[in-house]
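Undergrad: Here you go, entry.cif (mmCIF, C-alpha atoms):
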```cif
data_data
loop_
_atom_site.label_atom_id
_atom_site.label_comp_id
_atom_site.auth_asym_id
_atom_site.auth_seq_id
_atom_site.Cartn_x
_atom_site.Cartn_y
_atom_site.Cartn_z
CA MET A 617 17.85 3.74 -11.33
CA ALA A 618 17.52 0.73 -9.04
CA TYR A 619 19.44 -0.17 -5.90
CA TYR A 620 19.23 -1.80 -2.49
CA ILE A 621 19.05 -0.16 0.92
CA ASN A 622 20.09 -2.13 4.00
CA THR A 623 17.94 -1.82 7.13
CA ASP A 624 18.95 -1.82 10.78
CA ASN A 625 18.20 -5.55 11.00
CA ASN A 626 20.17 -6.33 7.83
CA VAL A 627 17.27 -6.72 5.41
CA ASN A 628 18.03 -5.46 1.90
CA LEU A 629 15.16 -3.47 0.37
CA PHE A 630 14.94 -3.09 -3.38
CA VAL A 631 14.16 0.47 -4.51
CA GLU A 632 13.21 1.81 -7.94
CA ASP A 633 14.07 5.52 -8.23
CA ILE A 634 12.81 7.31 -11.33
CA GLY A 635 12.97 10.97 -12.36
CA ASN A 636 14.03 14.20 -10.70
CA GLY A 637 12.21 16.87 -8.75
CA LYS A 638 9.61 16.72 -5.99
CA PRO A 639 10.16 13.45 -4.08
CA VAL A 640 7.26 11.03 -3.74
CA LEU A 641 7.60 7.64 -2.06
CA PHE A 642 5.14 4.95 -3.15
CA ILE A 643 4.28 2.11 -0.74
CA HIS A 644 2.64 -0.83 -2.48
CA GLY A 645 -0.12 -3.15 -1.31
CA TRP A 646 -0.51 -6.81 -0.38
CA PRO A 647 0.33 -9.22 -1.97
CA VAL A 648 2.13 -7.47 -4.84
CA ASN A 649 5.14 -5.14 -5.16
CA HIS A 650 6.18 -1.73 -6.47
CA LYS A 651 5.38 -2.74 -10.07
CA MET A 652 1.67 -2.22 -9.31
CA TYR A 653 2.41 1.51 -9.79
CA GLU A 654 3.60 1.04 -13.39
CA TYR A 655 0.89 3.30 -14.80
CA GLN A 656 1.88 6.07 -12.41
CA LEU A 657 5.65 5.66 -12.70
CA ASP A 658 5.33 5.91 -16.48
CA ILE A 659 3.62 9.31 -16.23
CA LEU A 660 4.60 11.31 -13.16
CA PRO A 661 8.35 11.84 -13.79
CA ALA A 662 7.43 13.91 -16.88
CA TYR A 663 5.87 16.46 -14.47
CA GLY A 664 9.01 16.97 -12.40
CA ILE A 665 8.24 14.30 -9.82
CA ARG A 666 10.88 11.95 -8.46
CA CYS A 667 9.19 8.58 -7.93
CA ILE A 668 10.77 6.36 -5.27
CA ALA A 669 9.13 2.94 -5.14
CA PRO A 670 10.50 0.24 -2.83
CA ASP A 671 9.48 -3.38 -2.49
CA LEU A 672 8.43 -4.13 1.07
CA ARG A 673 10.35 -6.84 2.88
CA GLY A 674 9.23 -10.25 1.66
CA PHE A 675 7.89 -8.88 -1.62
CA GLY A 676 9.29 -8.31 -5.10
CA LYS A 677 13.08 -8.19 -5.12
CA SER A 678 13.57 -7.32 -1.45
CA ASP A 679 14.99 -9.76 1.08
CA ARG A 680 12.66 -12.35 2.56
CA PRO A 681 13.14 -12.79 6.29
CA PHE A 682 11.18 -15.64 7.86
CA SER A 683 9.58 -13.33 10.43
CA SER A 684 9.44 -9.59 11.26
CA TYR A 685 6.47 -8.31 9.24
CA SER A 686 4.82 -6.11 11.84
CA TYR A 687 3.67 -2.61 10.96
CA ASN A 688 6.37 -1.29 13.29
CA GLU A 689 9.14 -3.13 11.46
CA MET A 690 7.89 -2.14 8.03
CA ALA A 691 7.44 1.48 9.14
CA ASP A 692 11.03 1.39 10.36
CA ASP A 693 12.06 0.19 6.90
CA ILE A 694 10.41 3.28 5.40
CA ARG A 695 12.32 5.47 7.88
CA ARG A 696 15.60 3.85 6.80
CA ILE A 697 14.84 4.54 3.13
CA ILE A 698 13.97 8.17 3.88
CA ASP A 699 17.08 8.76 5.97
CA THR A 700 19.44 6.91 3.62
CA LEU A 701 18.23 8.94 0.63
CA LYS A 702 18.10 12.15 2.74
CA LEU A 703 14.53 12.83 1.63
CA THR A 704 12.77 15.92 2.95
CA ASN A 705 9.46 17.60 2.17
CA LEU A 706 8.32 14.16 1.07
CA THR A 707 4.91 12.93 -0.03
CA LEU A 708 3.88 9.38 0.84
CA VAL A 709 1.51 7.63 -1.57
CA ALA A 710 0.36 4.48 0.16
CA PHE A 711 -2.01 1.77 -1.02
CA SER A 712 -3.83 -0.91 1.01
CA ILE A 713 -1.37 -2.36 3.56
CA GLY A 714 0.96 0.41 2.42
CA GLY A 715 -1.57 2.86 3.85
CA ALA A 716 -1.43 1.00 7.15
CA ILE A 717 2.37 1.15 7.17
CA ALA A 718 2.29 4.87 6.34
CA THR A 719 -0.17 5.49 9.17
CA ARG A 720 2.06 3.63 11.64
CA TYR A 721 5.03 5.62 10.31
CA MET A 722 3.21 8.86 11.12
CA SER A 723 2.70 7.80 14.73
CA ARG A 724 5.88 5.82 15.37
CA HIS A 725 8.22 8.32 13.67
CA ALA A 726 6.21 11.49 14.29
CA GLY A 727 5.77 12.04 10.56
CA HIS A 728 9.53 12.50 10.12
CA ASN A 729 10.18 14.52 6.90
CA ILE A 730 6.67 13.92 5.50
CA SER A 731 4.82 16.98 4.22
CA GLN A 732 1.71 15.33 2.82
CA LEU A 733 0.05 11.94 2.69
CA ILE A 734 -2.05 10.24 0.03
CA LEU A 735 -3.92 7.15 1.22
CA ALA A 736 -5.36 5.03 -1.59
CA GLY A 737 -7.63 2.10 -0.82
CA ALA A 738 -5.92 2.06 2.56
CA ALA A 739 -6.35 -0.78 5.06
CA VAL A 740 -6.87 1.82 7.77
CA PRO A 741 -7.73 1.99 10.61
CA SER A 742 -8.44 -1.77 10.69
CA PHE A 743 -8.51 -4.31 7.91
CA VAL A 744 -10.85 -6.56 9.87
CA GLN A 745 -14.00 -6.18 11.91
CA ARG A 746 -13.43 -5.69 15.63
CA SER A 747 -15.34 -4.95 18.79
CA ASN A 748 -17.03 -1.56 18.21
CA PHE A 749 -15.72 -1.56 14.63
CA PRO A 750 -18.11 -3.30 12.18
CA TYR A 751 -16.21 -2.47 8.98
CA GLY A 752 -13.67 -4.48 7.04
CA MET A 753 -13.30 -8.18 6.38
CA PRO A 754 -14.40 -10.75 8.95
CA VAL A 755 -11.43 -12.27 10.78
CA SER A 756 -12.57 -15.67 9.54
CA ALA A 757 -12.16 -14.52 5.91
CA VAL A 758 -8.55 -13.49 6.52
CA ASN A 759 -7.89 -16.74 8.36
CA SER A 760 -9.19 -18.56 5.29
CA ILE A 761 -6.83 -16.58 3.02
CA ILE A 762 -3.89 -17.46 5.29
CA SER A 763 -4.88 -21.14 5.36
CA GLN A 764 -5.17 -21.19 1.56
CA ALA A 765 -1.74 -19.56 1.27
CA TYR A 766 -0.24 -22.46 3.23
CA GLN A 767 -2.00 -25.02 1.00
CA ASP A 768 -2.14 -23.53 -2.50
CA ARG A 769 -0.85 -19.96 -2.69
CA PRO A 770 -1.28 -19.58 -6.48
CA LYS A 771 -4.96 -20.51 -6.19
CA MET A 772 -5.41 -18.13 -3.24
CA LEU A 773 -3.87 -15.30 -5.25
CA ALA A 774 -6.09 -16.06 -8.23
CA GLU A 775 -9.22 -16.05 -6.05
CA PHE A 776 -8.18 -12.82 -4.32
CA GLY A 777 -7.57 -11.24 -7.71
CA LYS A 778 -11.21 -11.82 -8.64
CA ILE A 779 -12.37 -9.22 -6.10
CA PHE A 780 -9.54 -6.74 -6.64
CA PHE A 781 -10.84 -4.73 -9.59
CA ALA A 782 -14.35 -3.49 -10.37
CA SER A 783 -13.72 -2.82 -14.06
CA LYS A 784 -13.31 -5.43 -16.75
CA ILE A 785 -9.61 -6.08 -17.14
CA SER A 786 -7.95 -7.95 -19.97
CA ARG A 787 -6.86 -11.55 -19.50
CA GLU A 788 -3.31 -10.41 -20.20
CA PHE A 789 -3.42 -7.72 -17.51
CA ASN A 790 -4.90 -10.19 -15.04
CA ASP A 791 -2.11 -12.68 -15.79
CA TRP A 792 0.54 -9.97 -15.35
CA PHE A 793 -0.95 -8.72 -12.10
CA LEU A 794 -1.11 -12.25 -10.76
CA THR A 795 2.63 -12.67 -11.37
CA LEU A 796 3.29 -9.78 -8.98
CA GLY A 797 1.85 -11.90 -6.19
CA PHE A 798 3.91 -14.89 -7.33
CA GLU A 799 7.06 -12.76 -6.95
CA ALA A 800 6.49 -12.47 -3.18
CA SER A 801 7.77 -15.02 -0.70
CA GLY A 802 5.17 -17.37 0.70
CA GLN A 803 6.18 -16.54 4.25
CA GLY A 804 6.10 -12.79 3.62
CA THR A 805 2.65 -13.11 2.09
CA ILE A 806 1.37 -15.03 5.11
CA LYS A 807 3.04 -12.93 7.82
CA ALA A 808 1.91 -9.64 6.24
CA ALA A 809 -1.63 -11.04 6.07
CA GLU A 810 -1.38 -11.84 9.78
CA SER A 811 -0.41 -8.22 10.44
CA LEU A 812 -3.41 -7.07 8.43
CA ARG A 813 -5.57 -9.31 10.60
CA ASP A 814 -4.03 -8.52 13.98
CA GLU A 815 -3.02 -4.86 13.95
CA ASP A 816 -5.29 -1.96 14.89
CA LEU A 817 -4.51 1.62 13.88
CA ARG A 818 -7.45 3.43 15.45
CA ASN A 819 -5.20 5.12 17.99
CA ASP A 820 -2.63 6.04 15.31
CA LEU A 821 -4.93 8.30 13.30
CA VAL A 822 -4.54 11.22 15.70
CA ALA A 823 -0.81 11.35 14.82
CA ILE A 824 -1.60 12.37 11.23
CA ARG A 825 -1.32 16.15 11.38
CA ILE A 826 -0.45 16.96 7.80
CA PRO A 827 -2.62 17.48 4.70
CA THR A 828 -3.99 14.07 3.74
CA THR A 829 -5.84 13.05 0.60
CA ILE A 830 -7.94 9.89 0.79
CA LEU A 831 -8.64 8.15 -2.53
CA HIS A 832 -11.00 5.20 -2.27
CA GLY A 833 -13.17 3.08 -4.54
CA LYS A 834 -16.89 3.02 -3.81
CA LYS A 835 -17.00 -0.63 -4.99
CA ASP A 836 -14.02 -1.79 -2.93
CA GLN A 837 -14.62 -5.38 -1.72
CA VAL A 838 -11.27 -5.63 0.08
CA CYS A 839 -11.16 -2.38 2.09
CA PRO A 840 -14.78 -1.18 2.02
CA PHE A 841 -15.56 2.48 1.45
CA GLU A 842 -16.64 2.85 5.08
CA LEU A 843 -12.95 2.70 6.03
CA ALA A 844 -12.35 5.84 3.97
CA GLN A 845 -15.20 7.60 5.77
CA VAL A 846 -13.71 6.66 9.15
CA MET A 847 -10.30 7.96 8.04
CA HIS A 848 -11.81 11.21 6.82
CA LYS A 849 -13.67 11.71 10.09
CA ASN A 850 -10.61 11.10 12.24
CA ILE A 851 -7.82 12.78 10.24
CA PRO A 852 -8.31 16.54 10.73
CA GLN A 853 -6.58 17.86 7.59
CA SER A 854 -8.06 15.31 5.23
CA LYS A 855 -10.17 15.36 2.11
CA LEU A 856 -11.98 12.33 0.72
CA ILE A 857 -12.21 11.75 -3.02
CA PRO A 858 -14.52 8.85 -3.92
CA PHE A 859 -13.88 6.78 -7.03
CA GLU A 860 -17.38 5.83 -8.11
CA ASN A 861 -16.40 3.10 -10.56
CA SER A 862 -13.45 1.56 -8.73
CA GLY A 863 -12.93 -1.47 -6.59
CA HIS A 864 -9.83 -1.98 -4.49
CA GLY A 865 -7.55 -1.48 -7.51
CA LEU A 866 -8.51 2.14 -8.12
CA PHE A 867 -5.01 2.86 -9.45
CA TYR A 868 -6.02 0.88 -12.55
CA ASP A 869 -9.84 0.80 -12.47
CA GLU A 870 -9.82 4.59 -12.98
CA LYS A 871 -6.16 5.17 -13.68
CA ASP A 872 -6.63 8.46 -15.52
CA LYS A 873 -8.58 9.95 -12.61
CA PHE A 874 -6.12 8.44 -10.14
CA ASN A 875 -3.18 10.04 -11.93
CA GLN A 876 -4.99 13.38 -12.23
CA GLU A 877 -5.74 13.41 -8.51
CA LEU A 878 -2.11 12.61 -7.73
CA LEU A 879 -0.94 15.46 -9.94
CA LYS A 880 -3.45 17.90 -8.40
CA THR A 881 -2.14 17.06 -4.95
CA LEU A 882 1.53 16.94 -5.84
CA LEU A 883 1.93 20.00 -8.05
#
```
Take the structure in this file and express it as structure tokens.
TA:
Amino acid sequence: MAYYINTDNNVNLFVEDIGNGKPVLFIHGWPVNHKMYEYQLDILPAYGIRCIAPDLRGFGKSDRPFSSYSYNEMADDIRRIIDTLKLTNLTLVAFSIGGAIATRYMSRHAGHNISQLILAGAAVPSFVQRSNFPYGMPVSAVNSIISQAYQDRPKMLAEFGKIFFASKISREFNDWFLTLGFEASGQGTIKAAESLRDEDLRNDLVAIRIPTTILHGKKDQVCPFELAQVMHKNIPQSKLIPFENSGHGLFYDEKDKFNQELLKTLL
């Protein structure tokens, strides 16, 4: 089932809703859309899991406002989806920038109706290096990505894709995954990248007071493994599960392990 949900500021969010049973909401990463979870959405509904997978504003089939891509606004979008669908006892599975949005949701909305959290390759607590925070990408690297997006977004996406996975992927899979980035709006891609660069979630971590599973690739070149260690240290009810052979795209690099860990946590 697929439908649209309208937000408070009149942005229509596309939502894929598959299966029945325990509700799980999947928040995708930058610069793709909910289709990145194909190899989870094909499996989990058979185990009595209802998979709810929206496209973030500016990405996939959702509306593409020119501005309004802050973590606050995107966390508010998640709240609107949850309230519209009357979801309770909900698990959030959140990847990359999705993990950042989920973390802001936990602080901004006091974890409304969330019972557990799964952070996968999360861009938390900061995507970039900051004063007293030496982990993550240099700000200059993100500025370069943004500049490239203004000049030649397809090339930028292709270059970014080269550091996404640690395993050898087929040319066909690479081409398909690249199209997910092409489906985003240029402005959404750029503005969300600016949020990744500018926003800091270090003070938000204390708001996560529910069981949290952290899944993270040891070979991640986008959100280095040190971010997972910081999350684990600062989220009291957390457990860290390293993916030894994964880069940023652990959901595909080690998809069988990824799916098994999801099922262990969800069932």
Undergrad: Stretch 670-679 of chain A: which residues within 10 Å, counting all atoms listed in the file, same-chain residues fewer than 5 positions away excluded, as a ChimeraX atom specification?
TA: /A:618-622,626-633,641-651,684-685,689-691,693-694,697,714,796-808
Undergrad: Calculated over all atoms listed in the file, which of the candidates A:Asp658, A:Glu877, A:Asp791, A:Asp814 has the smallest distance to A:Asn759?
TA: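 Looking only at the distances to A:Asn759, the closest residue turns out to be A:Asp814.
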Undergrad: Name the residues captured by the PyMOL selection byres ((chain A and resi 820) around 10) when it is applied to the shown file; answer as JSON, numbers by chain.
TA: {"A": [716, 719, 720, 721, 722, 723, 724, 740, 741, 816, 817, 818, 819, 821, 822, 823, 824, 850, 851]}
Undergrad: Please list as number ranges by chain every residue within 7 Å of stretch 761-767 of chain A, counting only C-alpha atoms and excluding residues in the same chain fewer than 3 positions away.
TA: A: 757-758, 772, 806, 809
Undergrad: For A:Phe781, work out the shell of residues within 7 Å, counting only C-alpha atoms and skipping chain neighbours fewer than 6 positions away, then give it as a list in words.
TA: Ser862, Gly863, His864, Gly865 and Asp869 of chain A
Undergrad: Name every residue that the PyMOL selection byres ((chain A and resi 705) around 8) selects in this structure, writing the answer as a PDB file with C-alpha atoms, keeping the file's coordinate frame with chains first and numbers rising.
TA:
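Resulting contents of part_21.pdb:
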```
ATOM      1  CA  PRO A 639      10.160  13.450  -4.080  1.00  0.00           C
ATOM      2  CA  LEU A 703      14.530  12.830   1.630  1.00  0.00           C
ATOM      3  CA  THR A 704      12.770  15.920   2.950  1.00  0.00           C
ATOM      4  CA  LEU A 706       8.320  14.160   1.070  1.00  0.00           C
ATOM      5  CA  THR A 707       4.910  12.930  -0.030  1.00  0.00           C
ATOM      6  CA  ASN A 729      10.180  14.520   6.900  1.00  0.00           C
ATOM      7  CA  ILE A 730       6.670  13.920   5.500  1.00  0.00           C
ATOM      8  CA  SER A 731       4.820  16.980   4.220  1.00  0.00           C
TER       9      SER A 731
END
```
Undergrad: Could you list, as a list in words, every residue within 12 Å of A:Pro754, counting all atoms listed in the file and ignoring same-chain residues fewer than 2 positions away?
TA: Ser742, Phe743, Val744, Gln745, Arg746, Ser747, Phe749, Pro750, Tyr751, Gly752, Ser756, Ala757, Val758, Asn759, Ser760, Ile761, Leu812, Arg813, Asp814, Gln837, Val838, Cys839 and Pro840 of chain A
Undergrad: Using all atoms listed in the file, which protein or nucleic acid residues come within 12 Å of A:Leu879? Drop anything in the same chain fewer than 3 positions from it, and give the result as an mmCIF file with C-alpha atoms, in the frame of the given file.
TA:
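Produced file out.cif, reproduced below:
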```
data_model
loop_
_atom_site.group_PDB
_atom_site.id
_atom_site.type_symbol
_atom_site.label_atom_id
_atom_site.label_comp_id
_atom_site.auth_asym_id
_atom_site.auth_seq_id
_atom_site.Cartn_x
_atom_site.Cartn_y
_atom_site.Cartn_z
ATOM 1 C CA LYS A 638 9.610 16.720 -5.990
ATOM 2 C CA VAL A 640 7.260 11.030 -3.740
ATOM 3 C CA GLN A 656 1.880 6.070 -12.410
ATOM 4 C CA ILE A 659 3.620 9.310 -16.230
ATOM 5 C CA LEU A 660 4.600 11.310 -13.160
ATOM 6 C CA PRO A 661 8.350 11.840 -13.790
ATOM 7 C CA ALA A 662 7.430 13.910 -16.880
ATOM 8 C CA TYR A 663 5.870 16.460 -14.470
ATOM 9 C CA GLY A 664 9.010 16.970 -12.400
ATOM 10 C CA ILE A 665 8.240 14.300 -9.820
ATOM 11 C CA THR A 707 4.910 12.930 -0.030
ATOM 12 C CA VAL A 709 1.510 7.630 -1.570
ATOM 13 C CA ILE A 734 -2.050 10.240 0.030
ATOM 14 C CA THR A 829 -5.840 13.050 0.600
ATOM 15 C CA ASP A 872 -6.630 8.460 -15.520
ATOM 16 C CA LYS A 873 -8.580 9.950 -12.610
ATOM 17 C CA PHE A 874 -6.120 8.440 -10.140
ATOM 18 C CA ASN A 875 -3.180 10.040 -11.930
ATOM 19 C CA GLN A 876 -4.990 13.380 -12.230
ATOM 20 C CA LEU A 882 1.530 16.940 -5.840
ATOM 21 C CA LEU A 883 1.930 20.000 -8.050
#
```
Undergrad: Quote the spacing between atom CA of A:Phe776 and atom CA of A:Leu794 in Å to one decimal place.
TA: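 Value for the atom CA of A:Phe776-atom CA of A:Leu794 distance: 9.6 Å.
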Undergrad: Please measure the separation of atom CA of A:Phe867 and atom CA of A:Phe793, giving the value in Å to one decimal.
TA: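 Value for the atom CA of A:Phe867-atom CA of A:Phe793 distance: 12.6 Å.
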